[in-house]
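Have a look at final_26.cif; it's mmCIF, C-alpha atoms and all ligand atoms:
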data_protein
loop_
_atom_site.label_atom_id
_atom_site.label_comp_id
_atom_site.auth_asym_id
_atom_site.auth_seq_id
_atom_site.Cartn_x
_atom_site.Cartn_y
_atom_site.Cartn_z
CA MET F 1 -174.82 20.39 145.31
CA THR F 2 -171.34 18.89 144.92
CA THR F 3 -168.90 20.84 142.81
CA GLY F 4 -167.80 19.18 139.57
CA ILE F 5 -164.23 18.14 138.79
CA LEU F 6 -161.89 19.75 136.27
CA TYR F 7 -159.88 17.05 134.48
CA ILE F 8 -156.65 18.01 132.72
CA VAL F 9 -156.44 15.47 129.93
CA ALA F 10 -153.36 14.72 127.80
CA THR F 11 -154.02 13.87 124.14
CA PRO F 12 -151.75 12.41 121.40
CA ILE F 13 -148.77 14.34 119.94
CA GLY F 14 -149.02 12.66 116.55
CA ASN F 15 -150.11 9.03 116.68
CA LEU F 16 -153.83 8.95 117.50
CA ASN F 17 -153.41 5.63 119.33
CA ASP F 18 -151.43 7.37 122.07
CA ILE F 19 -154.40 8.11 124.29
CA THR F 20 -155.13 6.36 127.55
CA LEU F 21 -158.27 4.32 128.25
CA ARG F 22 -158.94 6.66 131.15
CA ALA F 23 -158.67 9.74 128.90
CA ILE F 24 -161.29 8.31 126.52
CA GLU F 25 -163.56 7.40 129.42
CA VAL F 26 -163.30 10.87 130.99
CA LEU F 27 -163.77 12.69 127.66
CA LYS F 28 -166.97 10.66 127.10
CA GLN F 29 -168.32 11.18 130.61
CA VAL F 30 -167.72 14.89 131.30
CA ASP F 31 -170.39 17.46 130.55
CA VAL F 32 -168.09 19.81 128.64
CA ILE F 33 -164.70 19.56 126.92
CA ALA F 34 -162.78 22.83 126.99
CA ALA F 35 -160.50 22.65 123.93
CA GLU F 36 -157.79 25.00 122.65
CA ASP F 37 -159.08 24.65 119.09
CA THR F 38 -162.46 22.92 118.84
CA ARG F 39 -162.13 22.18 115.11
CA HIS F 40 -158.72 20.59 115.58
CA SER F 41 -159.84 18.45 118.55
CA LYS F 42 -163.01 17.35 116.77
CA LYS F 43 -160.89 15.02 114.58
CA LEU F 44 -159.56 13.19 117.63
CA LEU F 45 -162.96 13.12 119.33
CA ASP F 46 -164.72 11.81 116.19
CA HIS F 47 -162.06 9.12 115.87
CA TYR F 48 -163.03 7.83 119.34
CA GLY F 49 -166.78 8.41 118.94
CA ILE F 50 -166.83 11.15 121.60
CA ASP F 51 -169.65 13.66 121.12
CA THR F 52 -169.34 15.67 124.33
CA ARG F 53 -170.16 19.40 124.08
CA LEU F 54 -167.12 21.51 123.19
CA MET F 55 -166.14 24.97 124.39
CA ALA F 56 -163.14 26.94 123.08
CA VAL F 57 -160.57 27.95 125.70
CA HIS F 58 -157.37 29.36 124.27
CA ASP F 59 -154.67 31.91 125.10
CA HIS F 60 -156.80 34.84 123.95
CA ASN F 61 -159.99 34.09 125.90
CA GLU F 62 -158.69 32.08 128.87
CA ASP F 63 -159.36 34.87 131.40
CA ASP F 64 -162.91 35.46 130.08
CA ARG F 65 -163.70 31.73 130.10
CA ILE F 66 -162.71 31.25 133.75
CA GLN F 67 -166.06 32.61 134.99
CA SER F 68 -168.09 30.36 132.69
CA LEU F 69 -166.02 27.30 133.62
CA LEU F 70 -166.35 28.16 137.30
CA GLY F 71 -170.12 28.51 136.83
CA LEU F 72 -170.33 25.05 135.24
CA LEU F 73 -168.15 23.38 137.87
CA GLN F 74 -169.86 25.07 140.83
CA GLY F 75 -173.17 24.05 139.27
CA GLY F 76 -172.06 20.41 139.60
CA GLN F 77 -170.96 19.81 136.00
CA SER F 78 -167.61 18.26 135.18
CA VAL F 79 -165.18 19.62 132.61
CA ALA F 80 -162.18 18.16 130.73
CA LEU F 81 -159.52 20.58 129.51
CA ILE F 82 -157.51 19.51 126.44
CA SER F 83 -155.05 21.28 124.16
CA ASP F 84 -154.22 20.70 120.48
CA ALA F 85 -151.61 18.09 121.38
CA GLY F 86 -149.97 16.56 124.42
CA THR F 87 -150.30 17.78 127.97
CA PRO F 88 -152.26 21.00 128.51
CA LEU F 89 -150.35 23.84 130.25
CA ILE F 90 -147.00 22.61 128.84
CA SER F 91 -146.32 25.43 126.33
CA ASP F 92 -150.11 25.40 126.00
CA PRO F 93 -153.05 27.25 127.58
CA GLY F 94 -154.63 26.24 130.88
CA PHE F 95 -152.43 27.62 133.65
CA ARG F 96 -154.76 30.52 134.48
CA VAL F 97 -157.78 28.20 134.52
CA VAL F 98 -156.10 25.71 136.87
CA ARG F 99 -154.87 28.49 139.17
CA ALA F 100 -158.37 29.98 139.32
CA MET F 101 -159.91 26.57 140.14
CA HIS F 102 -157.47 26.08 143.01
CA GLN F 103 -158.42 29.52 144.33
CA ALA F 104 -162.10 28.55 144.13
CA ASN F 105 -161.50 25.14 145.80
CA VAL F 106 -162.55 23.22 142.71
CA GLU F 107 -160.92 19.78 142.49
CA VAL F 108 -158.41 19.47 139.61
CA VAL F 109 -157.52 15.93 138.50
CA SER F 110 -154.75 14.85 136.11
CA ILE F 111 -155.32 12.37 133.28
CA PRO F 112 -151.68 12.07 132.22
CA GLY F 113 -150.33 11.01 128.84
CA PRO F 114 -148.06 12.22 126.02
CA CYS F 115 -145.77 15.22 126.37
CA ALA F 116 -143.21 15.95 123.64
CA ALA F 117 -140.56 17.15 126.12
CA ILE F 118 -140.69 13.98 128.22
CA ALA F 119 -140.90 11.71 125.16
CA ALA F 120 -137.84 13.46 123.66
CA LEU F 121 -135.87 13.12 126.91
CA SER F 122 -136.67 9.41 126.99
CA ILE F 123 -135.02 8.78 123.59
CA ALA F 124 -132.33 11.49 123.30
CA GLY F 125 -129.55 9.72 125.18
CA LEU F 126 -128.72 12.84 127.22
CA PRO F 127 -128.71 12.89 131.04
CA THR F 128 -132.25 12.88 132.43
CA ASP F 129 -131.47 13.11 136.15
CA ARG F 130 -131.82 16.89 135.98
CA PHE F 131 -133.42 18.81 133.14
CA LEU F 132 -134.72 22.31 132.60
CA PHE F 133 -137.76 22.70 130.39
CA VAL F 134 -137.46 26.06 128.65
CA GLY F 135 -140.16 25.66 125.98
CA PHE F 136 -140.02 28.16 123.11
CA LEU F 137 -137.16 30.64 122.94
CA SER F 138 -137.84 34.13 121.65
CA ALA F 139 -138.50 34.45 117.90
CA LYS F 140 -136.18 37.49 117.81
CA GLN F 141 -132.53 36.60 117.41
CA LYS F 142 -131.06 39.15 119.83
CA ALA F 143 -133.48 38.18 122.61
CA ARG F 144 -132.94 34.47 121.86
CA GLN F 145 -129.18 34.82 122.15
CA GLY F 146 -129.65 36.65 125.45
CA GLU F 147 -131.85 33.82 126.75
CA LEU F 148 -129.19 31.28 125.73
CA GLU F 149 -126.43 33.34 127.37
CA ASN F 150 -128.42 33.21 130.61
CA LEU F 151 -128.46 29.40 130.32
CA LEU F 152 -124.75 29.04 129.51
CA ALA F 153 -123.73 27.81 132.97
CA GLU F 154 -126.78 25.58 133.52
CA THR F 155 -125.65 22.01 134.19
CA ALA F 156 -129.07 20.40 133.71
CA THR F 157 -130.08 19.11 130.26
CA LEU F 158 -131.96 21.94 128.51
CA VAL F 159 -135.21 21.18 126.69
CA PHE F 160 -136.56 23.56 124.03
CA TYR F 161 -139.55 23.40 121.72
CA GLU F 162 -138.86 24.79 118.27
CA SER F 163 -140.72 25.37 115.04
CA PRO F 164 -139.40 24.14 111.67
CA LYS F 165 -139.09 27.81 110.67
CA ARG F 166 -136.55 28.58 113.37
CA ILE F 167 -134.78 25.29 114.10
CA LEU F 168 -131.72 26.26 112.00
CA SER F 169 -131.30 29.75 113.41
CA THR F 170 -131.81 28.52 116.96
CA LEU F 171 -129.15 25.84 116.53
CA GLU F 172 -126.80 28.44 115.01
CA ASP F 173 -127.37 30.58 118.10
CA VAL F 174 -126.70 27.60 120.39
CA ILE F 175 -123.37 27.18 118.57
CA SER F 176 -122.41 30.84 118.78
CA VAL F 177 -123.30 31.11 122.47
CA MET F 178 -122.48 27.64 123.84
CA GLY F 179 -119.87 26.40 121.37
CA ALA F 180 -119.84 24.06 118.38
CA GLY F 181 -118.83 21.11 120.57
CA ARG F 182 -121.80 21.23 122.96
CA VAL F 183 -123.74 18.00 122.47
CA VAL F 184 -127.33 18.52 121.37
CA SER F 185 -130.16 16.24 120.44
CA VAL F 186 -132.50 17.08 117.60
CA VAL F 187 -135.68 15.06 118.14
CA LYS F 188 -138.39 15.40 115.51
CA GLU F 189 -141.81 14.05 114.64
CA ILE F 190 -142.16 11.95 117.79
CA THR F 191 -144.72 9.12 117.35
CA LYS F 192 -145.11 9.96 113.62
CA SER F 193 -143.80 8.20 110.49
CA PHE F 194 -140.59 10.24 110.31
CA GLU F 195 -139.67 10.17 113.99
CA THR F 196 -135.93 10.91 114.17
CA VAL F 197 -133.39 11.44 116.90
CA LYS F 198 -129.89 12.80 116.23
CA THR F 199 -127.61 13.27 119.21
CA LEU F 200 -124.38 14.93 118.10
CA PRO F 201 -122.03 17.85 118.78
CA ALA F 202 -123.97 21.00 117.81
CA ALA F 203 -121.94 21.72 114.62
CA GLU F 204 -122.58 18.20 113.30
CA ALA F 205 -126.27 18.42 114.18
CA LEU F 206 -126.43 21.67 112.18
CA SER F 207 -124.76 19.99 109.17
CA TRP F 208 -127.29 17.15 109.40
CA LEU F 209 -130.19 19.63 109.39
CA GLN F 210 -128.69 21.49 106.42
CA GLU F 211 -127.89 18.45 104.28
CA ASP F 212 -131.49 17.69 103.28
CA GLN F 213 -134.50 20.02 103.27
CA HIS F 214 -136.68 17.21 104.65
CA HIS F 215 -134.58 17.29 107.80
CA THR F 216 -135.87 20.74 108.77
CA ARG F 217 -139.54 19.83 108.32
CA GLY F 218 -141.86 18.75 111.12
CA GLU F 219 -142.12 19.36 114.83
CA PHE F 220 -138.97 19.60 116.91
CA VAL F 221 -137.73 19.22 120.43
CA LEU F 222 -134.16 20.48 120.76
CA LEU F 223 -132.21 19.26 123.77
CA VAL F 224 -128.86 20.67 124.81
CA GLN F 225 -126.51 18.86 127.17
CA GLY F 226 -125.88 20.87 130.33
CA ALA F 227 -122.64 22.80 130.95
CA GLU F 228 -119.85 20.41 131.88
CA HIS F 229 -118.20 21.64 135.05
CA LYS F 230 -120.50 22.35 137.90
CA GLY F 231 -119.17 25.34 139.80
CA SER F 232 -116.47 26.21 137.26
CA LEU F 233 -116.40 29.80 136.14
CA VAL F 234 -118.47 30.50 133.06
CA ILE F 235 -117.21 33.62 131.37
CA ASP F 236 -119.50 36.23 129.86
CA PRO F 237 -119.58 35.72 126.06
CA LYS F 238 -118.74 39.44 125.58
CA VAL F 239 -115.52 38.95 127.56
CA MET F 240 -114.76 35.84 125.50
CA ARG F 241 -115.24 37.86 122.31
CA ALA F 242 -112.92 40.57 123.61
CA LEU F 243 -110.34 37.89 124.48
CA GLN F 244 -110.63 36.38 121.01
CA MET F 245 -110.08 39.78 119.38
CA THR F 246 -107.14 40.63 121.63
CA ALA F 247 -105.54 37.24 120.90
CA GLU F 248 -105.46 38.16 117.21
CA TYR F 249 -102.77 40.76 118.04
CA MET F 250 -100.68 38.88 120.62
CA PRO F 251 -100.06 35.39 122.04
CA LEU F 252 -103.03 33.89 123.92
CA LYS F 253 -101.29 34.01 127.33
CA LYS F 254 -100.53 37.71 126.92
CA ALA F 255 -104.10 38.38 125.71
CA CYS F 256 -105.44 36.64 128.84
CA ALA F 257 -103.23 38.87 131.01
CA VAL F 258 -104.54 42.01 129.28
CA VAL F 259 -108.21 40.98 129.53
CA SER F 260 -107.67 39.86 133.13
CA GLU F 261 -106.27 43.31 133.94
CA LEU F 262 -109.34 44.97 132.38
CA THR F 263 -112.05 42.68 133.78
CA GLY F 264 -110.63 41.35 137.04
CA ILE F 265 -111.23 37.74 135.88
CA ALA F 266 -108.34 35.40 136.75
CA LYS F 267 -105.80 34.90 133.96
CA ASN F 268 -105.94 31.09 134.33
CA ALA F 269 -109.74 31.02 134.13
CA LEU F 270 -109.60 33.03 130.89
CA TYR F 271 -106.89 30.78 129.51
CA ASP F 272 -108.85 27.59 130.34
CA ALA F 273 -112.05 29.04 128.86
CA ALA F 274 -110.20 30.04 125.66
CA LEU F 275 -108.74 26.54 125.29
CA THR F 276 -112.15 24.92 125.87
CA GLN F 277 -113.75 27.25 123.30
CA ASN F 278 -111.02 26.51 120.75
CA LYS F 279 -111.54 22.78 121.30
CA GLY F 280 -115.30 23.25 120.69
N1 LIG F 301 -148.48 20.52 125.12
C1 LIG F 301 -147.57 19.93 124.19
C2 LIG F 301 -146.76 18.84 124.89
O1 LIG F 301 -147.23 18.29 125.90
O2 LIG F 301 -145.67 18.51 124.42
C3 LIG F 301 -146.70 20.97 123.50
C4 LIG F 301 -147.45 22.02 122.77
S1 LIG F 301 -146.46 23.20 121.99
C5 LIG F 301 -147.64 24.40 121.49
C6 LIG F 301 -146.08 22.46 120.46
C7 LIG F 301 -144.59 22.16 120.32
O3 LIG F 301 -144.28 20.93 120.99
C8 LIG F 301 -144.13 21.94 118.89
O4 LIG F 301 -143.82 23.19 118.26
C9 LIG F 301 -142.90 21.08 119.08
O5 LIG F 301 -141.80 21.87 119.46
C10 LIG F 301 -143.33 20.20 120.26
N2 LIG F 301 -143.97 18.98 119.76
C11 LIG F 301 -145.28 18.67 119.80
N3 LIG F 301 -145.50 17.47 119.23
C12 LIG F 301 -144.30 17.01 118.81
C13 LIG F 301 -143.86 15.83 118.14
N4 LIG F 301 -144.72 14.89 117.78
N5 LIG F 301 -142.55 15.69 117.89
C14 LIG F 301 -141.67 16.65 118.25
N6 LIG F 301 -142.03 17.79 118.89
C15 LIG F 301 -143.31 17.96 119.16
#

Would you encode the structure as structure tokens?
Amino acid sequence: MTTGILYIVATPIGNLNDITLRAIEVLKQVDVIAAEDTRHSKKLLDHYGIDTRLMAVHDHNEDDRIQSLLGLLQGGQSVALISDAGTPLISDPGFRVVRAMHQANVEVVSIPGPCAAIAALSIAGLPTDRFLFVGFLSAKQKARQGELENLLAETATLVFYESPKRILSTLEDVISVMGAGRVVSVVKEITKSFETVKTLPAAEALSWLQEDQHHTRGEFVLLVQGAEHKGSLVIDPKVMRALQMTAEYMPLKKACAVVSELTGIAKNALYDAALTQNKG
């Protein structure tokens, strides 16, 4: 008996019309659709008259479901994996299933389509030649700031997913770690009625979010332009804070000399970093 195929099928991220002809065809033809939330996906499937059998596969049962999916596929049935929105496995379940299918020599086929990160990059007006998809930052502020500090020197455009609950605090953290002048793009409600893209220095983007409560509602992709100078020294934010405090008691040049003495970082590098931060 030939083994069935596992199809990874992208579904709309808002506008129900954003589904490919091939996705509809596959979802109709497979024996089982493995969905993150069967009730949620039922709306999309009903809309397209798809009545294929559904099975729930989400973060909490993914490992348990692997054996049943493997059983179906090795028994010659075909399966489509979908998530609540967009491309499965992209900040969504499915990675462990796909890895297990590769290990079991089951064919995995892509049915590509919407992905909020790629859609946001295509309209943000930030460089797209190199980007780093980060997904969701930590919900805890201290951990989130640490994650951002680790990305401070990254020159690629950074792509984050964020919830309406945390978009303001995350942008505030971007400002405190990366500077108020770092250009960001707030992209919300892609493919929906209130699709918006605002590409501005971070402080101005924050003001825009704060000026109207409607601005913080909806689904967000936050993009952050990469660090400017490839290879230039990026100084630890703790050192920059120490420099700032020292400069309150003496001229900046002298403060740089003192901090340089304590940390071993070149005086000029500290001076340049302080000027850049002040500009931001
Ligand atoms: N797998 C999905 C994809 O391919 O983009 C992402 C799933 S993730 C659980 C959901 C997050 O994606 C949301 O919290 C939001 O950050 C982002 N997102 C999804 N749909 C969006 C939309 N229409 N506009 C803006 N962001 C969206």

Proximity to Asp92 in chain F - best of F:Glu36, F:Glu162, F:Glu195, F:Glu147, all atoms listed in the file | F:Glu36

What are the closest atom pairs, with distances in Å to one decimal, for each residue of chain F lying within 7 Å of ligand LIG 301 (chain F), using all atoms listed in the file, rows by chain and rising residue number, as a tab-separated table?
residue	atom	partner	partner_atom	distance
F:Ile13	CA	F:LIG301	N3	4.6
F:Gly14	CA	F:LIG301	N4	5.0
F:Ser83	CA	F:LIG301	N1	6.7
F:Ala85	CA	F:LIG301	C1	5.3
F:Gly86	CA	F:LIG301	O1	3.6
F:Thr87	CA	F:LIG301	O1	3.7
F:Pro88	CA	F:LIG301	N1	5.1
F:Leu89	CA	F:LIG301	N1	6.4
F:Ile90	CA	F:LIG301	N1	4.5
F:Ser91	CA	F:LIG301	S1	4.9
F:Asp92	CA	F:LIG301	N1	5.2
F:Pro114	CA	F:LIG301	O1	6.1
F:Cys115	CA	F:LIG301	O1	3.4
F:Ala116	CA	F:LIG301	O2	3.6
F:Ala117	CA	F:LIG301	O2	5.6
F:Tyr161	CA	F:LIG301	O5	3.5
F:Glu162	CA	F:LIG301	O5	4.3
F:Ser163	CA	F:LIG301	O4	5.0
F:Val187	CA	F:LIG301	C14	6.2
F:Lys188	CA	F:LIG301	C14	4.5
F:Glu189	CA	F:LIG301	N5	3.7
F:Ile190	CA	F:LIG301	N5	3.8
F:Thr191	CA	F:LIG301	N4	5.8
F:Lys192	CA	F:LIG301	N4	6.5
F:Glu219	CA	F:LIG301	N6	4.4
F:Phe220	CA	F:LIG301	N6	4.1
F:Val221	CA	F:LIG301	N6	4.8

Residues near Gly146 in chain F, cut-off 12 Å, only C-alpha atoms, skip fewer than 2 positions along chain, as a PyMOL selection string | chain F and resi 137-144+148-152+170+173-174+176-178+236-238

Could you please determine the separation between CA of Gly181 in chain F and CA of Ile167 in chain F in Å, to one decimal place?
-> 17.7 Å

CA of Arg130 in chain F and CA of Arg182 in chain F are how many Å apart?
->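 Spanning CA of Arg130 in chain F to CA of Arg182 in chain F is a straight-line distance of 17.0 Å.
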
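With only C-alpha atoms as the basis for measurement, F:Thr52 is the residue among F:Gln213, F:Gln74, F:Thr52, F:Gln67 that approaches Glu25 in chain F most closely.
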